[in-house]
Amino acid sequence: MKSRVVFLISAALVVTAGCSNTSSDAVESEDSPVSCTSTTVIDGPVNIATTVAPITSIVANIAGGSGATITGIVPEGTNSHTFEPKPSDAATLENADVIFINGLVLEEPTKDLALANLKDGAIICEVGSAILSPDQYIYDFSFPKDGGKPNPHLWTNPPMAKQYAEVVRDVLSRLDPAHADLFARNFAAFAEKIDALDAAMITATATIPEAQRKLLTYHDAYAYFSVHYGYTVIGAIQPSSFDEPTPKEIANLITQVRESGVTAVFGSEVFPSPVLEQIGAETGVRYVDVLRDDDLLGEPGGAEHSWLGLMRFDYVTMVEALGGDASALKTLDVSDVVKDTATYPQ
Ligand SMILES: [Zn+2]
């Protein structure tokens with residue numbers, strides 16, 4: 001498995017080398033601390049920093065029980081796409097042996113602060129960039145190619161989240177080989193739950209009439225998810241500037257909603273939008289405003305405050321709003337595989 005990760009990273013490098021329009025996230029040299037491969041071995045528990053809460057939760061499921069300290073940087077419920085770390089976050093970053101970030105240019109200000117404060121031998125592992133080569137990046141309305149920021153939401157797609165967990169397992173196993181067996185066991189148990197979630201979503205999706213498997217979302221967090229489960233993203237509303245769309249764009253969306261026969265439009269809890277409400281009202285289509293892509297449910301320590309709980313919630317919301325039966329999802333056990341002791345800023 002170790003060799004697989006190395007292969008994926010070198011595959012990404014090959015593609016990057018031949019492409020002139022790539023962003024800094026994918027450019028890694030052998031000596032760069034921006035890497036998911038390190039030969040450093042830590043004496044004692046690993047100090048881990050993470051960015052967004054879903055990644056923190058995935059890391060917590062793999063690292064749990066090893067004594068590792070896990071500290072998130074991006075507060076839950078904030079816009080992770082425009083987030084600027086506080087100067088005080090430098091202390092968390094400079095203490096870390098490894099900083100797991102999503103990559104795909106999601107967290108550049110945090111990455112820059114990390115690079116400026118990284119201790120000797122520490123690495124910044126971009127889990128998304130590690131599992132996906134730039135030619136597989138999805139660009140769209142909210143994440144246009146000429147903006148240089150690909151759609152970064154790989155974690156809403158379970159097979160990709162499982163690959164994140166695999167990268168985390170391999171990185172931690174190299175840093176803390178004494179706990180490699182624990183990381184492998186945690187990964188195996190977590191992978192089983194991810195597979196169960198994936199299977200349940202496939203079952204639930206099959207109950208939605210095929211013509212209704214269409215997503216119009218405010219925040220564009222389901223691009224890779226949609227490819228995997230066979231949904232058509234008929235549009236996302238949020239412009240790349242994170243401002244509200246223009247009246248012309250709204251008019252186009254209203255036409256699109258009418259023509260596509262979509263049964264529901266989905267808002268995001270982190271980005272409340274009067275525009276989506278307006279589109280729902282003008283088209284008579286149901287408006288659901290509770291999706292969330294990186295704000296976990298409830299409070300830290302809560303039963304569904306986890307990546308698994310978050311995804312199940314979003315999937316149930318979508319399936320039911322689109323006229324499907326979500327019971328396969330509702331009966332899932334979405335508890336973490338080990339106690340989550342990570343720090344989640346609120
Ligand atoms: Zn997002």
# chains A, B, ... in the order shown; residues from 1 in each chain; ligands from 1
>>> residues_near_ligand(ligand="ligand 1", cutoff="9 Å", atoms="only C-alpha atoms and all ligand atoms", output="list in words")
Asn79, Ser80, His81, Leu106, Asn151, Pro152, His153, His219, Asp220, Ala221, Val270, Arg292, Asp293 and Asp294 of chain A
>>> residues_around(residues="Ala204 of chain A", least_positions_apart="3", cutoff="6 Å", atoms="only C-alpha atoms", output="PyMOL selection string")
chain A and resi 201+207+325-326
>>> write_last_selection(atoms="C-alpha atoms", output="CSV table (one decimal), in the first residue's frame")
chain,number,residue,atom,x,y,z
A,201,MET,CA,-26.1,5.4,-1.0
A,207,THR,CA,-35.0,4.4,-5.5
A,325,ASP,CA,-36.3,6.1,0.0
A,326,ALA,CA,-33.4,6.7,2.4
>>> select_by_dssp(residues="segment 133-186 of chain A", states="helix (DSSP H, G or I)", output="mmCIF file with N, CA and C atoms, in the first residue's frame")
data_model
loop_
_atom_site.group_PDB
_atom_site.id
_atom_site.type_symbol
_atom_site.label_atom_id
_atom_site.label_comp_id
_atom_site.auth_asym_id
_atom_site.auth_seq_id
_atom_site.Cartn_x
_atom_site.Cartn_y
_atom_site.Cartn_z
ATOM 1 N N PRO A 134 -3.914 15.973 -11.639
ATOM 2 C CA PRO A 134 -4.575 17.190 -12.144
ATOM 3 C C PRO A 134 -5.487 16.949 -13.346
ATOM 4 N N ASP A 135 -5.207 15.924 -14.150
ATOM 5 C CA ASP A 135 -6.093 15.704 -15.309
ATOM 6 C C ASP A 135 -7.442 15.141 -14.881
ATOM 7 N N GLN A 136 -7.568 14.745 -13.609
ATOM 8 C CA GLN A 136 -8.859 14.254 -13.100
ATOM 9 C C GLN A 136 -9.612 15.320 -12.301
ATOM 10 N N LYS A 145 -11.780 26.776 -14.505
ATOM 11 C CA LYS A 145 -10.376 26.428 -14.749
ATOM 12 C C LYS A 145 -9.477 27.659 -14.782
ATOM 13 N N ASP A 146 -9.987 28.760 -15.358
ATOM 14 C CA ASP A 146 -9.117 29.941 -15.444
ATOM 15 C C ASP A 146 -8.919 30.611 -14.083
ATOM 16 N N GLY A 147 -9.705 30.197 -13.082
ATOM 17 C CA GLY A 147 -9.488 30.698 -11.724
ATOM 18 C C GLY A 147 -8.364 29.959 -11.019
ATOM 19 N N PRO A 158 -17.450 8.902 -1.080
ATOM 20 C CA PRO A 158 -16.856 7.923 -0.162
ATOM 21 C C PRO A 158 -15.612 7.184 -0.670
ATOM 22 N N PRO A 159 -15.585 6.717 -1.936
ATOM 23 C CA PRO A 159 -14.350 6.026 -2.348
ATOM 24 C C PRO A 159 -13.113 6.924 -2.257
ATOM 25 N N MET A 160 -13.292 8.222 -2.501
ATOM 26 C CA MET A 160 -12.150 9.136 -2.383
ATOM 27 C C MET A 160 -11.811 9.402 -0.926
ATOM 28 N N ALA A 161 -12.831 9.480 -0.077
ATOM 29 C CA ALA A 161 -12.569 9.644 1.367
ATOM 30 C C ALA A 161 -11.800 8.429 1.899
ATOM 31 N N LYS A 162 -12.127 7.259 1.358
ATOM 32 C CA LYS A 162 -11.389 6.052 1.777
ATOM 33 C C LYS A 162 -9.927 6.152 1.352
ATOM 34 N N GLN A 163 -9.691 6.715 0.180
ATOM 35 C CA GLN A 163 -8.300 6.919 -0.254
ATOM 36 C C GLN A 163 -7.582 7.937 0.632
ATOM 37 N N TYR A 164 -8.320 8.966 1.087
ATOM 38 C CA TYR A 164 -7.728 9.909 2.049
ATOM 39 C C TYR A 164 -7.244 9.121 3.281
ATOM 40 N N ALA A 165 -8.132 8.269 3.778
ATOM 41 C CA ALA A 165 -7.815 7.497 4.993
ATOM 42 C C ALA A 165 -6.602 6.597 4.767
ATOM 43 N N GLU A 166 -6.495 6.085 3.562
ATOM 44 C CA GLU A 166 -5.376 5.207 3.212
ATOM 45 C C GLU A 166 -4.056 5.996 3.226
ATOM 46 N N VAL A 167 -4.092 7.210 2.678
ATOM 47 C CA VAL A 167 -2.905 8.065 2.681
ATOM 48 C C VAL A 167 -2.512 8.388 4.126
ATOM 49 N N VAL A 168 -3.518 8.721 4.948
ATOM 50 C CA VAL A 168 -3.258 9.065 6.355
ATOM 51 C C VAL A 168 -2.626 7.860 7.066
ATOM 52 N N ARG A 169 -3.203 6.682 6.838
ATOM 53 C CA ARG A 169 -2.633 5.460 7.446
ATOM 54 C C ARG A 169 -1.172 5.294 7.060
ATOM 55 N N ASP A 170 -0.856 5.469 5.801
ATOM 56 C CA ASP A 170 0.520 5.229 5.338
ATOM 57 C C ASP A 170 1.495 6.285 5.877
ATOM 58 N N VAL A 171 1.049 7.534 5.926
ATOM 59 C CA VAL A 171 1.901 8.602 6.459
ATOM 60 C C VAL A 171 2.186 8.343 7.942
ATOM 61 N N LEU A 172 1.107 8.036 8.698
ATOM 62 C CA LEU A 172 1.287 7.824 10.141
ATOM 63 C C LEU A 172 2.125 6.578 10.415
ATOM 64 N N SER A 173 1.974 5.564 9.580
ATOM 65 C CA SER A 173 2.742 4.329 9.787
ATOM 66 C C SER A 173 4.238 4.560 9.599
ATOM 67 N N ARG A 174 4.572 5.482 8.704
ATOM 68 C CA ARG A 174 5.995 5.802 8.523
ATOM 69 C C ARG A 174 6.517 6.669 9.668
ATOM 70 N N LEU A 175 5.698 7.614 10.134
ATOM 71 C CA LEU A 175 6.132 8.503 11.216
ATOM 72 C C LEU A 175 6.213 7.769 12.547
ATOM 73 N N PRO A 177 6.084 4.023 13.371
ATOM 74 C CA PRO A 177 5.971 2.609 12.981
ATOM 75 C C PRO A 177 5.534 1.698 14.132
ATOM 76 N N ALA A 178 5.776 2.138 15.372
ATOM 77 C CA ALA A 178 5.375 1.313 16.522
ATOM 78 C C ALA A 178 3.864 1.108 16.546
ATOM 79 N N HIS A 179 3.114 2.022 15.948
ATOM 80 C CA HIS A 179 1.655 1.908 15.934
ATOM 81 C C HIS A 179 1.094 1.528 14.558
ATOM 82 N N ALA A 180 1.964 1.042 13.684
ATOM 83 C CA ALA A 180 1.504 0.724 12.321
ATOM 84 C C ALA A 180 0.360 -0.302 12.327
ATOM 85 N N ASP A 181 0.441 -1.278 13.221
ATOM 86 C CA ASP A 181 -0.639 -2.289 13.267
ATOM 87 C C ASP A 181 -1.965 -1.655 13.687
ATOM 88 N N LEU A 182 -1.898 -0.748 14.659
ATOM 89 C CA LEU A 182 -3.106 -0.043 15.105
ATOM 90 C C LEU A 182 -3.706 0.774 13.954
ATOM 91 N N PHE A 183 -2.858 1.510 13.249
ATOM 92 C CA PHE A 183 -3.352 2.319 12.122
ATOM 93 C C PHE A 183 -3.995 1.419 11.062
ATOM 94 N N ALA A 184 -3.391 0.264 10.844
ATOM 95 C CA ALA A 184 -3.939 -0.668 9.842
ATOM 96 C C ALA A 184 -5.301 -1.203 10.299
ATOM 97 N N ARG A 185 -5.413 -1.530 11.583
ATOM 98 C CA ARG A 185 -6.700 -2.025 12.126
ATOM 99 C C ARG A 185 -7.763 -0.931 12.059
ATOM 100 N N ASN A 186 -7.391 0.273 12.483
ATOM 101 C CA ASN A 186 -8.356 1.387 12.426
ATOM 102 C C ASN A 186 -8.811 1.631 10.994
#
>>> select_by_dssp(residues="segment 53-301 of chain A", states="strand (DSSP E or B)", output="PyMOL selection string")
chain A and resi 69-72+98-101+123-126+214-217+232-236+264-268+286-291
>>> write_last_selection(atoms="C-alpha atoms", output="PDB file, in the first residue's frame")
ATOM      1  CA  THR A  69      -2.579  14.845  19.218  1.00  0.00           C
ATOM      2  CA  ILE A  70      -4.878  16.102  16.453  1.00  0.00           C
ATOM      3  CA  THR A  71      -5.682  19.801  16.134  1.00  0.00           C
ATOM      4  CA  GLY A  72      -7.947  21.277  13.466  1.00  0.00           C
ATOM      5  CA  VAL A  98       2.544  16.331   9.905  1.00  0.00           C
ATOM      6  CA  ILE A  99      -0.125  18.707   8.631  1.00  0.00           C
ATOM      7  CA  PHE A 100      -2.887  17.034   6.656  1.00  0.00           C
ATOM      8  CA  ILE A 101      -4.590  19.447   4.289  1.00  0.00           C
ATOM      9  CA  ILE A 123       5.626  17.552   6.229  1.00  0.00           C
ATOM     10  CA  ILE A 124       2.479  19.043   4.741  1.00  0.00           C
ATOM     11  CA  CYS A 125       0.497  16.186   3.186  1.00  0.00           C
ATOM     12  CA  GLU A 126      -2.146  17.264   0.660  1.00  0.00           C
ATOM     13  CA  LYS A 214     -30.310  15.923 -10.680  1.00  0.00           C
ATOM     14  CA  LEU A 215     -28.589  18.331  -8.349  1.00  0.00           C
ATOM     15  CA  LEU A 216     -28.815  22.066  -8.267  1.00  0.00           C
ATOM     16  CA  THR A 217     -26.848  23.213  -5.260  1.00  0.00           C
ATOM     17  CA  THR A 232     -26.314  15.176 -13.047  1.00  0.00           C
ATOM     18  CA  VAL A 233     -25.158  18.479 -11.610  1.00  0.00           C
ATOM     19  CA  ILE A 234     -27.408  20.840 -13.510  1.00  0.00           C
ATOM     20  CA  GLY A 235     -25.723  23.778 -11.896  1.00  0.00           C
ATOM     21  CA  ALA A 236     -24.269  25.414  -8.873  1.00  0.00           C
ATOM     22  CA  ALA A 264     -35.532  20.186  -5.391  1.00  0.00           C
ATOM     23  CA  VAL A 265     -32.806  22.796  -5.083  1.00  0.00           C
ATOM     24  CA  PHE A 266     -30.268  22.514  -2.299  1.00  0.00           C
ATOM     25  CA  GLY A 267     -28.854  25.280  -0.178  1.00  0.00           C
ATOM     26  CA  SER A 268     -25.958  25.108   2.195  1.00  0.00           C
ATOM     27  CA  ARG A 286     -38.757  22.563  -3.165  1.00  0.00           C
ATOM     28  CA  TYR A 287     -35.931  24.465  -1.498  1.00  0.00           C
ATOM     29  CA  VAL A 288     -33.815  22.524   1.004  1.00  0.00           C
ATOM     30  CA  ASP A 289     -31.237  24.640   2.790  1.00  0.00           C
ATOM     31  CA  VAL A 290     -29.475  22.256   5.148  1.00  0.00           C
ATOM     32  CA  LEU A 291     -26.672  20.590   3.160  1.00  0.00           C
TER      33      LEU A 291
END
>>> closest_residue(among="A:Met318, A:Ala199, A:Ala122, A:Ile58", to="Thr39 of chain A", atoms="only C-alpha atoms")
A:Ala122
>>> closest_residue(among="A:Val41, A:Leu104, A:Ile194, A:Leu322", to="Asp336 of chain A", atoms="only C-alpha atoms")
A:Ile194
>>> atom_distance(atom1="atom CA of His305 of chain A", atom2="atom CA of Ser57 of chain A")
8.4 Å
>>> closest_residue(among="A:Thr331, A:Thr56, A:Ser133, A:Thr51", to="Ala196 of chain A", atoms="only C-alpha atoms")
A:Thr331
>>> atom_distance(atom1="atom CA of Glu84 of chain A", atom2="atom CA of Pro109 of chain A")
5.8 Å
>>> closest_residue(among="A:Ser226, A:Thr50, A:Ser38, A:Gln278", to="Ile138 of chain A", atoms="only C-alpha atoms")
A:Ser226
>>> closest_residue(among="A:Tyr137, A:Lys193, A:Pro274, A:Ala223", to="Ser335 of chain A", atoms="only C-alpha atoms")
A:Lys193
>>> residues_around(residues="Ala96 of chain A", least_positions_apart="5", cutoff="8 Å", atoms="only C-alpha atoms", output="ChimeraX atom specification")
/A:46-49,118-119,122
>>> write_last_selection(atoms="C-alpha atoms", output="mmCIF file, in the first residue's frame")
data_model
loop_
_atom_site.group_PDB
_atom_site.id
_atom_site.type_symbol
_atom_site.label_atom_id
_atom_site.label_comp_id
_atom_site.auth_asym_id
_atom_site.auth_seq_id
_atom_site.Cartn_x
_atom_site.Cartn_y
_atom_site.Cartn_z
ATOM 1 C CA VAL A 46 2.661 12.109 16.566
ATOM 2 C CA ASN A 47 1.581 15.732 16.669
ATOM 3 C CA ILE A 48 -0.934 16.249 13.867
ATOM 4 C CA ALA A 49 -2.517 19.423 12.516
ATOM 5 C CA LEU A 118 7.230 24.189 9.719
ATOM 6 C CA LYS A 119 9.684 22.499 12.046
ATOM 7 C CA ALA A 122 7.798 17.949 9.321
#
>>> decode(residues="segment 209-236 of chain A", atoms="N, CA and C atoms", output="compact mmCIF listing (two decimals), in the first residue's frame")
# COMPACT_ATOMS: atom_id res chain seq x y z
N PRO A 209 -36.32 8.05 -9.03
CA PRO A 209 -36.52 7.91 -10.47
C PRO A 209 -35.33 8.51 -11.22
N GLU A 210 -34.85 7.80 -12.23
CA GLU A 210 -33.62 8.20 -12.89
C GLU A 210 -33.65 9.67 -13.36
N ALA A 211 -34.79 10.09 -13.86
CA ALA A 211 -34.90 11.46 -14.39
C ALA A 211 -34.79 12.51 -13.28
N GLN A 212 -34.96 12.07 -12.03
CA GLN A 212 -34.90 13.03 -10.90
C GLN A 212 -33.51 13.10 -10.26
N ARG A 213 -32.57 12.32 -10.75
CA ARG A 213 -31.24 12.32 -10.12
C ARG A 213 -30.43 13.51 -10.62
N LYS A 214 -30.90 14.67 -10.23
CA LYS A 214 -30.31 15.92 -10.68
C LYS A 214 -30.06 16.83 -9.48
N LEU A 215 -28.93 17.46 -9.48
CA LEU A 215 -28.59 18.33 -8.35
C LEU A 215 -28.39 19.76 -8.80
N LEU A 216 -29.11 20.63 -8.15
CA LEU A 216 -28.81 22.07 -8.27
C LEU A 216 -28.50 22.52 -6.85
N THR A 217 -27.26 22.84 -6.61
CA THR A 217 -26.85 23.21 -5.26
C THR A 217 -26.37 24.65 -5.25
N TYR A 218 -26.42 25.24 -4.08
CA TYR A 218 -25.85 26.58 -3.94
C TYR A 218 -24.33 26.47 -3.91
N HIS A 219 -23.82 25.73 -2.92
CA HIS A 219 -22.38 25.54 -2.80
C HIS A 219 -22.03 24.23 -3.51
N ASP A 220 -21.04 24.28 -4.37
CA ASP A 220 -20.78 23.22 -5.34
C ASP A 220 -19.90 22.11 -4.75
N ALA A 221 -20.43 21.37 -3.78
CA ALA A 221 -19.59 20.43 -3.05
C ALA A 221 -19.76 18.97 -3.50
N TYR A 222 -20.50 18.75 -4.59
CA TYR A 222 -20.86 17.36 -4.91
C TYR A 222 -20.45 16.94 -6.33
N ALA A 223 -19.40 17.56 -6.85
CA ALA A 223 -18.98 17.27 -8.23
C ALA A 223 -18.49 15.83 -8.38
N TYR A 224 -17.59 15.39 -7.51
CA TYR A 224 -17.02 14.04 -7.62
C TYR A 224 -18.04 13.00 -7.15
N PHE A 225 -18.81 13.37 -6.14
CA PHE A 225 -19.94 12.56 -5.66
C PHE A 225 -20.90 12.24 -6.81
N SER A 226 -21.24 13.28 -7.59
CA SER A 226 -22.23 13.11 -8.66
C SER A 226 -21.74 12.17 -9.75
N VAL A 227 -20.46 12.27 -10.06
CA VAL A 227 -19.90 11.35 -11.06
C VAL A 227 -20.02 9.92 -10.55
N HIS A 228 -19.67 9.73 -9.27
CA HIS A 228 -19.66 8.38 -8.70
C HIS A 228 -21.06 7.76 -8.63
N TYR A 229 -22.04 8.56 -8.21
CA TYR A 229 -23.38 7.99 -8.00
C TYR A 229 -24.32 8.20 -9.18
N GLY A 230 -23.85 8.85 -10.23
CA GLY A 230 -24.70 9.00 -11.40
C GLY A 230 -25.76 10.08 -11.28
N TYR A 231 -25.42 11.16 -10.59
CA TYR A 231 -26.30 12.33 -10.56
C TYR A 231 -25.80 13.33 -11.60
N THR A 232 -26.71 14.10 -12.15
CA THR A 232 -26.31 15.18 -13.05
C THR A 232 -26.33 16.48 -12.26
N VAL A 233 -25.19 17.15 -12.24
CA VAL A 233 -25.16 18.48 -11.61
C VAL A 233 -25.67 19.46 -12.65
N ILE A 234 -26.89 19.92 -12.48
CA ILE A 234 -27.41 20.84 -13.51
C ILE A 234 -26.89 22.26 -13.27
N GLY A 235 -26.34 22.48 -12.12
CA GLY A 235 -25.72 23.78 -11.90
C GLY A 235 -25.38 23.97 -10.44
N ALA A 236 -24.51 24.93 -10.22
CA ALA A 236 -24.27 25.41 -8.87
C ALA A 236 -24.41 26.92 -8.98
